[in-house]
Amino acid sequence: MPSKPATVAFVGLGYVGLCTASVLTAKGIRVIGIDIDRERIDKLSKGTAPFHEPGLTPMLKTAVKKQRILFSTDINAVVEAETSFITVGTPSNPDGSINLSFVKEATKGLGSALTDSDHYHLVVVKSTVTPGTTSGTVQPILTSSSGKAIGEKLGLCSNPEFLAEGSAIKGTLQPDKIVIGASDKLSGEKLERLYKHVYSPRKIPTIVTNPTTAETIKYSSNAFLATRVSTINTLANICQRLPDADIETVSRAIGLDPRIGPLYLKAGPGYGGSCFHKDLQALISFSKTLDYDPILLSAVEDTNQFQAREIVKLTGRLLGSVENRRIAVLGLSFKKDTDDVRESASLKVIDELVKNNATVATYDPMAIENARKVLPEQVEFLADAKSCLKGAECCIIMTEWDEFYRLKPADFTGTMRTPNVVDARRVLSPAKTQGINYLAIGLGSARP
Ligand code: UDX
């Protein structure tokens, strides 16, 4: 087994930083977690996670209890570590381009903290950054603020993550690959050694390349996945306009072709979450600085933007006008098993319904608190699915929560004023739609 690595620091304890840090502690590594948010640090020190992620809380609590993780707001704490991961956020500027201010700030702080250190320190950029950032932006800031060159005492790598919300802990414990963009040979070797220790005795496929290629891999992955979703949604919209076509069967069939594969072929109300939209916009904007307009990616984004309207259109087909009609929306988060509502299609649909003067009642097992902060005041939040359905003239299923799969026809027919259902996630099987006026994404209907 490779020798035990010393302490690892994480600068930025958002989703990626905290999940990765917690998994490293579970592998016996000592971690220092740094964040500028004092309130967050105080909560984390007590073992309280700032967001819901399956498996995170027990891991964090154990790490705190066993003192395998220490938290600080002071970036100078990185001197205790041999490796520092930069895991700060990379939000969008108003024009969609990437905002690197947190990355720059963290790099500067890191470099200054390392000035007097005699030990080798490896800096790893895990934040999603546009191609060329590690070499063109991080490296010059790091070397000037530390007064050191990349080589003997200082290392630098890009090391993108591919975590999906709801399965981040599992994804970190069992990654399908590790991508290392090394600024020099020693940096790459040090990071490879750290991961070998973490995953020993398993061997995870590892791609070692230069930083710019590593950064491009991350954007390519999200661009590809988002393209698949917009492609299947486009085909679903065609199926929906045919009397008897069904996208679910189409997906199953084309997914059997090994050239296509079965994943990311689920038609729905459009992709949400903190990454796809943000990263595609950043890549489009970045490509334009290279004098290239990636029209395919713009079409993927436009298709996604329009997809929520397809759901509103289906609702209109069942109700005519939605004005003054009571509509139950089941699901607020952008997908199941998360309380995250960022870019959620559900919020887009609700906004559109409210604009058209519908009365909107909602329920979500986890995301109500977050949705309440951003939805219009008149939206109602109910304690469970059945209370939400009560008296409604139409139900729209927006998120594929497991508990919605368990709903029975009587839950709709027995509680709703009129049992109209729009299924944006294909949650209800045909057997469960008896007695219901049912329209679904990608399901052809004889009705005009
Ligand atoms: C995504 C990537 O999967 C991850 O690798 C990257 O690091 C961050 O972005 P995440 O945003 O957590 O992760 O969600 P993901 O599970 O990929 O789903 C994104 C959106 O696409 C969701 O709204 C989901 O409902 C939708 N989706 C996904 C579909 O509509 N159909 C599919 O077949 C798959």
# chains A, B, ... in the order shown; residues from 1 in each chain; ligands from 1
$ residues_near_ligand --ligand "ligand 1" --cutoff "9 Å" --atoms "only C-alpha atoms and all ligand atoms" --output "compact mmCIF listing (two decimals) with N, CA and C atoms, in the first residue's frame"
# COMPACT_ATOMS: atom_id res chain seq x y z
N VAL A 16 -18.83 20.62 -3.67
CA VAL A 16 -17.72 19.77 -4.10
C VAL A 16 -16.67 19.65 -3.00
N THR A 128 -14.58 24.15 -11.25
CA THR A 128 -14.74 24.10 -12.71
C THR A 128 -14.33 25.45 -13.30
N PRO A 160 -10.44 18.18 -12.35
CA PRO A 160 -11.89 18.40 -12.33
C PRO A 160 -12.65 17.27 -11.65
N GLU A 161 -13.84 17.62 -11.15
CA GLU A 161 -14.71 16.61 -10.53
C GLU A 161 -15.93 16.41 -11.43
N PHE A 162 -16.57 15.26 -11.26
CA PHE A 162 -17.73 14.93 -12.10
C PHE A 162 -18.90 14.50 -11.23
N LEU A 163 -19.00 15.10 -10.05
CA LEU A 163 -20.02 14.68 -9.08
C LEU A 163 -21.41 15.14 -9.48
N ALA A 164 -22.36 14.25 -9.29
CA ALA A 164 -23.76 14.64 -9.50
C ALA A 164 -24.42 14.74 -8.13
N GLU A 165 -25.26 15.73 -7.95
CA GLU A 165 -25.95 15.91 -6.68
C GLU A 165 -26.82 14.70 -6.39
N GLY A 166 -26.90 14.34 -5.14
CA GLY A 166 -27.71 13.18 -4.77
C GLY A 166 -26.88 11.90 -4.76
N SER A 167 -25.76 11.90 -5.50
CA SER A 167 -24.89 10.72 -5.48
C SER A 167 -23.43 11.13 -5.39
N ALA A 168 -23.20 12.29 -4.77
CA ALA A 168 -21.82 12.83 -4.71
C ALA A 168 -20.91 11.98 -3.83
N LYS A 218 -13.78 18.41 -18.45
CA LYS A 218 -14.92 18.70 -17.58
C LYS A 218 -16.06 19.36 -18.38
N SER A 221 -17.72 16.93 -20.82
CA SER A 221 -18.60 15.98 -20.17
C SER A 221 -19.98 16.61 -19.97
N ASN A 222 -20.03 17.80 -19.42
CA ASN A 222 -21.33 18.43 -19.20
C ASN A 222 -22.01 18.82 -20.51
N LEU A 225 -23.55 15.55 -21.90
CA LEU A 225 -24.72 15.09 -21.14
C LEU A 225 -25.91 16.00 -21.40
N ALA A 226 -25.67 17.30 -21.38
CA ALA A 226 -26.77 18.25 -21.62
C ALA A 226 -27.31 18.08 -23.04
N ARG A 228 -27.40 15.31 -24.74
CA ARG A 228 -28.25 14.10 -24.75
C ARG A 228 -29.64 14.43 -24.22
N VAL A 229 -29.68 15.19 -23.12
CA VAL A 229 -30.99 15.51 -22.52
C VAL A 229 -31.81 16.36 -23.49
N SER A 230 -31.20 17.36 -24.09
CA SER A 230 -31.97 18.20 -25.03
C SER A 230 -32.37 17.40 -26.27
N ILE A 232 -33.08 14.09 -26.39
CA ILE A 232 -34.20 13.20 -26.08
C ILE A 232 -35.47 14.04 -25.84
N ASN A 233 -35.31 15.24 -25.28
CA ASN A 233 -36.49 16.09 -25.08
C ASN A 233 -37.06 16.56 -26.42
N PRO A 262 -27.70 3.49 -22.53
CA PRO A 262 -29.02 3.78 -21.96
C PRO A 262 -29.14 5.04 -21.07
N LEU A 263 -28.02 5.61 -20.63
CA LEU A 263 -28.13 6.68 -19.63
C LEU A 263 -28.37 8.06 -20.26
N TYR A 264 -28.97 8.94 -19.46
CA TYR A 264 -29.27 10.31 -19.92
C TYR A 264 -30.16 10.32 -21.16
N LEU A 265 -31.11 9.39 -21.16
CA LEU A 265 -32.09 9.34 -22.25
C LEU A 265 -33.50 9.46 -21.69
N LYS A 266 -33.63 10.05 -20.53
CA LYS A 266 -34.95 10.17 -19.91
C LYS A 266 -35.52 11.55 -20.26
N ALA A 267 -36.63 11.52 -21.02
CA ALA A 267 -37.26 12.80 -21.39
C ALA A 267 -37.89 13.42 -20.16
N GLY A 268 -37.93 14.73 -20.11
CA GLY A 268 -38.48 15.41 -18.94
C GLY A 268 -38.74 16.88 -19.21
N PRO A 269 -38.79 17.66 -18.13
CA PRO A 269 -39.14 19.08 -18.28
C PRO A 269 -37.93 19.97 -18.57
N GLY A 270 -36.78 19.35 -18.86
CA GLY A 270 -35.57 20.13 -19.14
C GLY A 270 -34.61 20.01 -17.98
N TYR A 271 -33.32 20.09 -18.27
CA TYR A 271 -32.33 19.93 -17.20
C TYR A 271 -32.27 21.18 -16.33
N GLY A 272 -32.01 20.92 -15.03
CA GLY A 272 -31.79 22.02 -14.08
C GLY A 272 -30.51 21.76 -13.34
N GLY A 273 -30.38 22.37 -12.16
CA GLY A 273 -29.18 22.16 -11.35
C GLY A 273 -28.17 23.27 -11.54
N SER A 274 -27.12 23.17 -10.75
CA SER A 274 -26.17 24.28 -10.70
C SER A 274 -25.11 24.21 -11.80
N CYS A 275 -25.08 23.13 -12.59
CA CYS A 275 -23.94 22.96 -13.49
C CYS A 275 -24.24 23.10 -14.98
N PHE A 276 -25.19 22.32 -15.49
CA PHE A 276 -25.35 22.25 -16.95
C PHE A 276 -25.51 23.64 -17.58
N HIS A 277 -26.50 24.40 -17.08
CA HIS A 277 -26.76 25.71 -17.69
C HIS A 277 -25.55 26.64 -17.52
N ASP A 279 -22.38 25.92 -16.93
CA ASP A 279 -21.17 25.50 -17.64
C ASP A 279 -21.33 25.64 -19.15
N SER A 333 -37.63 20.44 -6.46
CA SER A 333 -36.18 20.33 -6.68
C SER A 333 -35.90 19.96 -8.15
N PHE A 334 -34.68 20.21 -8.61
CA PHE A 334 -34.38 20.00 -10.04
C PHE A 334 -34.28 18.53 -10.41
N LYS A 335 -34.15 17.67 -9.40
CA LYS A 335 -34.23 16.22 -9.56
C LYS A 335 -34.49 15.63 -8.19
N LYS A 336 -34.70 14.31 -8.10
CA LYS A 336 -35.01 13.74 -6.79
C LYS A 336 -33.77 13.68 -5.89
N THR A 338 -32.58 15.65 -3.66
CA THR A 338 -31.82 16.86 -3.33
C THR A 338 -32.81 17.95 -2.93
N GLU A 343 -32.10 26.45 -10.98
CA GLU A 343 -32.44 26.17 -12.39
C GLU A 343 -33.49 25.07 -12.52
N SER A 344 -34.25 24.84 -11.46
CA SER A 344 -35.25 23.77 -11.52
C SER A 344 -36.36 24.13 -12.51
N ALA A 345 -36.72 23.16 -13.36
CA ALA A 345 -37.79 23.39 -14.34
C ALA A 345 -39.11 23.65 -13.62
N THR A 399 -41.05 16.49 -10.40
CA THR A 399 -39.81 15.84 -9.95
C THR A 399 -40.09 14.36 -9.69
N GLU A 400 -39.11 13.54 -10.02
CA GLU A 400 -39.33 12.07 -9.99
C GLU A 400 -39.05 11.46 -8.61
N ARG A 425 -42.41 13.75 -15.84
CA ARG A 425 -41.28 12.84 -15.57
C ARG A 425 -41.60 11.38 -15.88
$ residues_around --residues "segment 314-325 of chain A" --least-positions-apart "4" --cutoff "6 Å" --atoms "only C-alpha atoms" --output "ChimeraX atom specification"
/A:356-359
$ closest_residue --among "A:Arg241, A:His197, A:Lys65, A:His52" --to "Ala367 of chain A" --atoms "only C-alpha atoms"
A:His52
$ residues_around --residues "Val198 of chain A" --least-positions-apart "3" --cutoff "9 Å" --atoms "only C-alpha atoms" --output "PyMOL selection string"
chain A and resi 24+27-29+173+193-195+201
$ residues_around --residues "segment 139-141 of chain A" --least-positions-apart "2" --cutoff "10 Å" --atoms "only C-alpha atoms" --output "number ranges by chain"
A: 104-112, 123, 133-137, 143-147, 149-150, 155-157, 183
$ atom_distance --atom1 "atom CA of Tyr363 of chain A" --atom2 "atom CA of Leu332 of chain A"
7.2 Å
$ closest_residue --among "A:Ser287, A:Ser101, A:Thr362, A:Thr20" --to "Pro131 of chain A" --atoms "only C-alpha atoms"
A:Ser287
$ select_by_dssp --residues "segment 101-197 of chain A" --states "alpha helix (DSSP H)" --output "PyMOL selection string"
chain A and resi 101-114+133+139-146+168-173+185-197
$ residues_around --residues "Lys148 of chain A" --least-positions-apart "6" --cutoff "10 Å" --atoms "only C-alpha atoms" --output "number ranges by chain"
A: 111, 114-116, 142, 154-155
$ select_by_dssp --residues "segment 68-289 of chain A" --states "strand (DSSP E or B)" --output "PyMOL selection string"
chain A and resi 69-72+83-86+92+98+121-125+154-158+178-182+206-209+246
$ write_last_selection --atoms "N, CA and C atoms" --output "JSON list (two decimals), in the first residue's frame"
[["chain", "number", "residue", "atom", "x", "y", "z"],
["A", 69, "ILE", "N", -11.09, 16.12, 10.85],
["A", 69, "ILE", "CA", -11.28, 17.33, 10.05],
["A", 69, "ILE", "C", -11.32, 18.53, 10.99],
["A", 70, "LEU", "N", -10.58, 19.57, 10.61],
["A", 70, "LEU", "CA", -10.57, 20.81, 11.39],
["A", 70, "LEU", "C", -11.03, 21.92, 10.47],
["A", 71, "PHE", "N", -11.81, 22.85, 10.99],
["A", 71, "PHE", "CA", -12.34, 23.92, 10.14],
["A", 71, "PHE", "C", -11.75, 25.26, 10.56],
["A", 72, "SER", "N", -11.60, 26.13, 9.56],
["A", 72, "SER", "CA", -11.05, 27.46, 9.86],
["A", 72, "SER", "C", -11.51, 28.46, 8.80],
["A", 83, "THR", "N", -1.03, 19.28, 0.56],
["A", 83, "THR", "CA", -1.79, 19.47, -0.68],
["A", 83, "THR", "C", -2.99, 20.35, -0.38],
["A", 84, "SER", "N", -3.27, 21.32, -1.24],
["A", 84, "SER", "CA", -4.47, 22.15, -1.06],
["A", 84, "SER", "C", -5.32, 22.08, -2.32],
["A", 85, "PHE", "N", -6.58, 21.75, -2.12],
["A", 85, "PHE", "CA", -7.53, 21.75, -3.23],
["A", 85, "PHE", "C", -8.28, 23.09, -3.24],
["A", 86, "ILE", "N", -8.33, 23.72, -4.39],
["A", 86, "ILE", "CA", -9.16, 24.93, -4.53],
["A", 86, "ILE", "C", -10.53, 24.45, -4.98],
["A", 92, "SER", "N", -21.56, 32.64, -12.57],
["A", 92, "SER", "CA", -21.62, 33.28, -13.90],
["A", 92, "SER", "C", -21.66, 34.79, -13.76],
["A", 98, "ILE", "N", -17.69, 33.08, -17.25],
["A", 98, "ILE", "CA", -17.32, 32.60, -15.91],
["A", 98, "ILE", "C", -16.74, 33.73, -15.06],
["A", 121, "HIS", "N", 4.54, 21.91, -1.55],
["A", 121, "HIS", "CA", 3.08, 22.05, -1.43],
["A", 121, "HIS", "C", 2.46, 21.94, -2.83],
["A", 122, "LEU", "N", 1.48, 21.05, -2.92],
["A", 122, "LEU", "CA", 0.79, 20.87, -4.20],
["A", 122, "LEU", "C", -0.55, 21.59, -4.17],
["A", 123, "VAL", "N", -0.78, 22.47, -5.13],
["A", 123, "VAL", "CA", -2.06, 23.18, -5.25],
["A", 123, "VAL", "C", -2.86, 22.52, -6.37],
["A", 124, "VAL", "N", -4.10, 22.19, -6.08],
["A", 124, "VAL", "CA", -4.94, 21.46, -7.06],
["A", 124, "VAL", "C", -6.21, 22.26, -7.33],
["A", 125, "VAL", "N", -6.42, 22.61, -8.59],
["A", 125, "VAL", "CA", -7.63, 23.37, -8.95],
["A", 125, "VAL", "C", -8.74, 22.38, -9.27],
["A", 154, "LEU", "N", 6.90, 23.78, -5.16],
["A", 154, "LEU", "CA", 5.50, 24.11, -5.44],
["A", 154, "LEU", "C", 4.99, 23.32, -6.64],
["A", 155, "GLY", "N", 3.82, 22.71, -6.46],
["A", 155, "GLY", "CA", 3.22, 21.96, -7.56],
["A", 155, "GLY", "C", 1.86, 22.51, -7.91],
["A", 156, "LEU", "N", 1.40, 22.25, -9.13],
["A", 156, "LEU", "CA", 0.09, 22.75, -9.54],
["A", 156, "LEU", "C", -0.56, 21.77, -10.52],
["A", 157, "CYS", "N", -1.79, 21.41, -10.22],
["A", 157, "CYS", "CA", -2.56, 20.51, -11.10],
["A", 157, "CYS", "C", -3.97, 21.03, -11.27],
["A", 158, "SER", "N", -4.56, 20.67, -12.40],
["A", 158, "SER", "CA", -6.01, 20.80, -12.56],
["A", 158, "SER", "C", -6.56, 19.39, -12.31],
["A", 178, "ILE", "N", -10.30, 9.34, -12.89],
["A", 178, "ILE", "CA", -9.65, 10.50, -12.27],
["A", 178, "ILE", "C", -8.94, 11.22, -13.41],
["A", 179, "VAL", "N", -9.12, 12.53, -13.47],
["A", 179, "VAL", "CA", -8.46, 13.32, -14.51],
["A", 179, "VAL", "C", -7.47, 14.26, -13.84],
["A", 180, "ILE", "N", -6.23, 14.15, -14.23],
["A", 180, "ILE", "CA", -5.17, 14.99, -13.66],
["A", 180, "ILE", "C", -4.51, 15.80, -14.77],
["A", 181, "GLY", "N", -4.58, 17.11, -14.65],
["A", 181, "GLY", "CA", -3.89, 17.99, -15.59],
["A", 181, "GLY", "C", -2.68, 18.56, -14.88],
["A", 182, "ALA", "N", -1.51, 17.98, -15.15],
["A", 182, "ALA", "CA", -0.32, 18.34, -14.37],
["A", 182, "ALA", "C", 0.48, 19.46, -15.02],
["A", 206, "THR", "N", -7.04, 6.41, -14.67],
["A", 206, "THR", "CA", -6.54, 7.77, -14.44],
["A", 206, "THR", "C", -5.98, 8.35, -15.74],
["A", 207, "ILE", "N", -6.48, 9.52, -16.10],
["A", 207, "ILE", "CA", -5.98, 10.18, -17.29],
["A", 207, "ILE", "C", -5.08, 11.33, -16.85],
["A", 208, "VAL", "N", -3.81, 11.22, -17.17],
["A", 208, "VAL", "CA", -2.88, 12.30, -16.82],
["A", 208, "VAL", "C", -2.57, 13.07, -18.11],
["A", 209, "THR", "N", -2.84, 14.37, -18.04],
["A", 209, "THR", "CA", -2.67, 15.19, -19.23],
["A", 209, "THR", "C", -2.20, 16.57, -18.78],
["A", 246, "ASP", "N", -44.42, 6.85, -28.27],
["A", 246, "ASP", "CA", -44.06, 6.95, -26.86],
["A", 246, "ASP", "C", -42.53, 7.03, -26.71]]
$ residues_around --residues "Leu44 of chain A" --least-positions-apart "6" --cutoff "9 Å" --atoms "only C-alpha atoms" --output "PyMOL selection string"
chain A and resi 50+60-61+64+71
$ write_last_selection --atoms "N, CA, C and O atoms" --output "tab-separated table (two decimals), in the first residue's frame"
chain	number	residue	atom	x	y	z
A	50	PRO	N	-24.34	22.08	5.52
A	50	PRO	CA	-25.19	23.21	5.11
A	50	PRO	C	-26.20	22.86	4.00
A	50	PRO	O	-26.96	23.70	3.58
A	60	LEU	N	-19.49	13.30	7.98
A	60	LEU	CA	-19.00	14.55	8.57
A	60	LEU	C	-18.97	14.45	10.08
A	60	LEU	O	-17.97	14.83	10.73
A	61	LYS	N	-20.03	13.91	10.66
A	61	LYS	CA	-20.11	13.80	12.12
A	61	LYS	C	-18.98	12.91	12.67
A	61	LYS	O	-18.34	13.24	13.66
A	64	VAL	N	-15.67	14.83	12.47
A	64	VAL	CA	-15.56	15.86	13.51
A	64	VAL	C	-15.27	15.19	14.85
A	64	VAL	O	-14.38	15.61	15.59
A	71	PHE	N	-11.81	22.85	10.99
A	71	PHE	CA	-12.34	23.92	10.14
A	71	PHE	C	-11.75	25.26	10.56
A	71	PHE	O	-11.49	25.50	11.74
$ residues_around --residues "Thr227 of chain A" --least-positions-apart "3" --cutoff "8 Å" --atoms "only C-alpha atoms" --output "number ranges by chain"
A: 223-224, 230-231, 297, 300
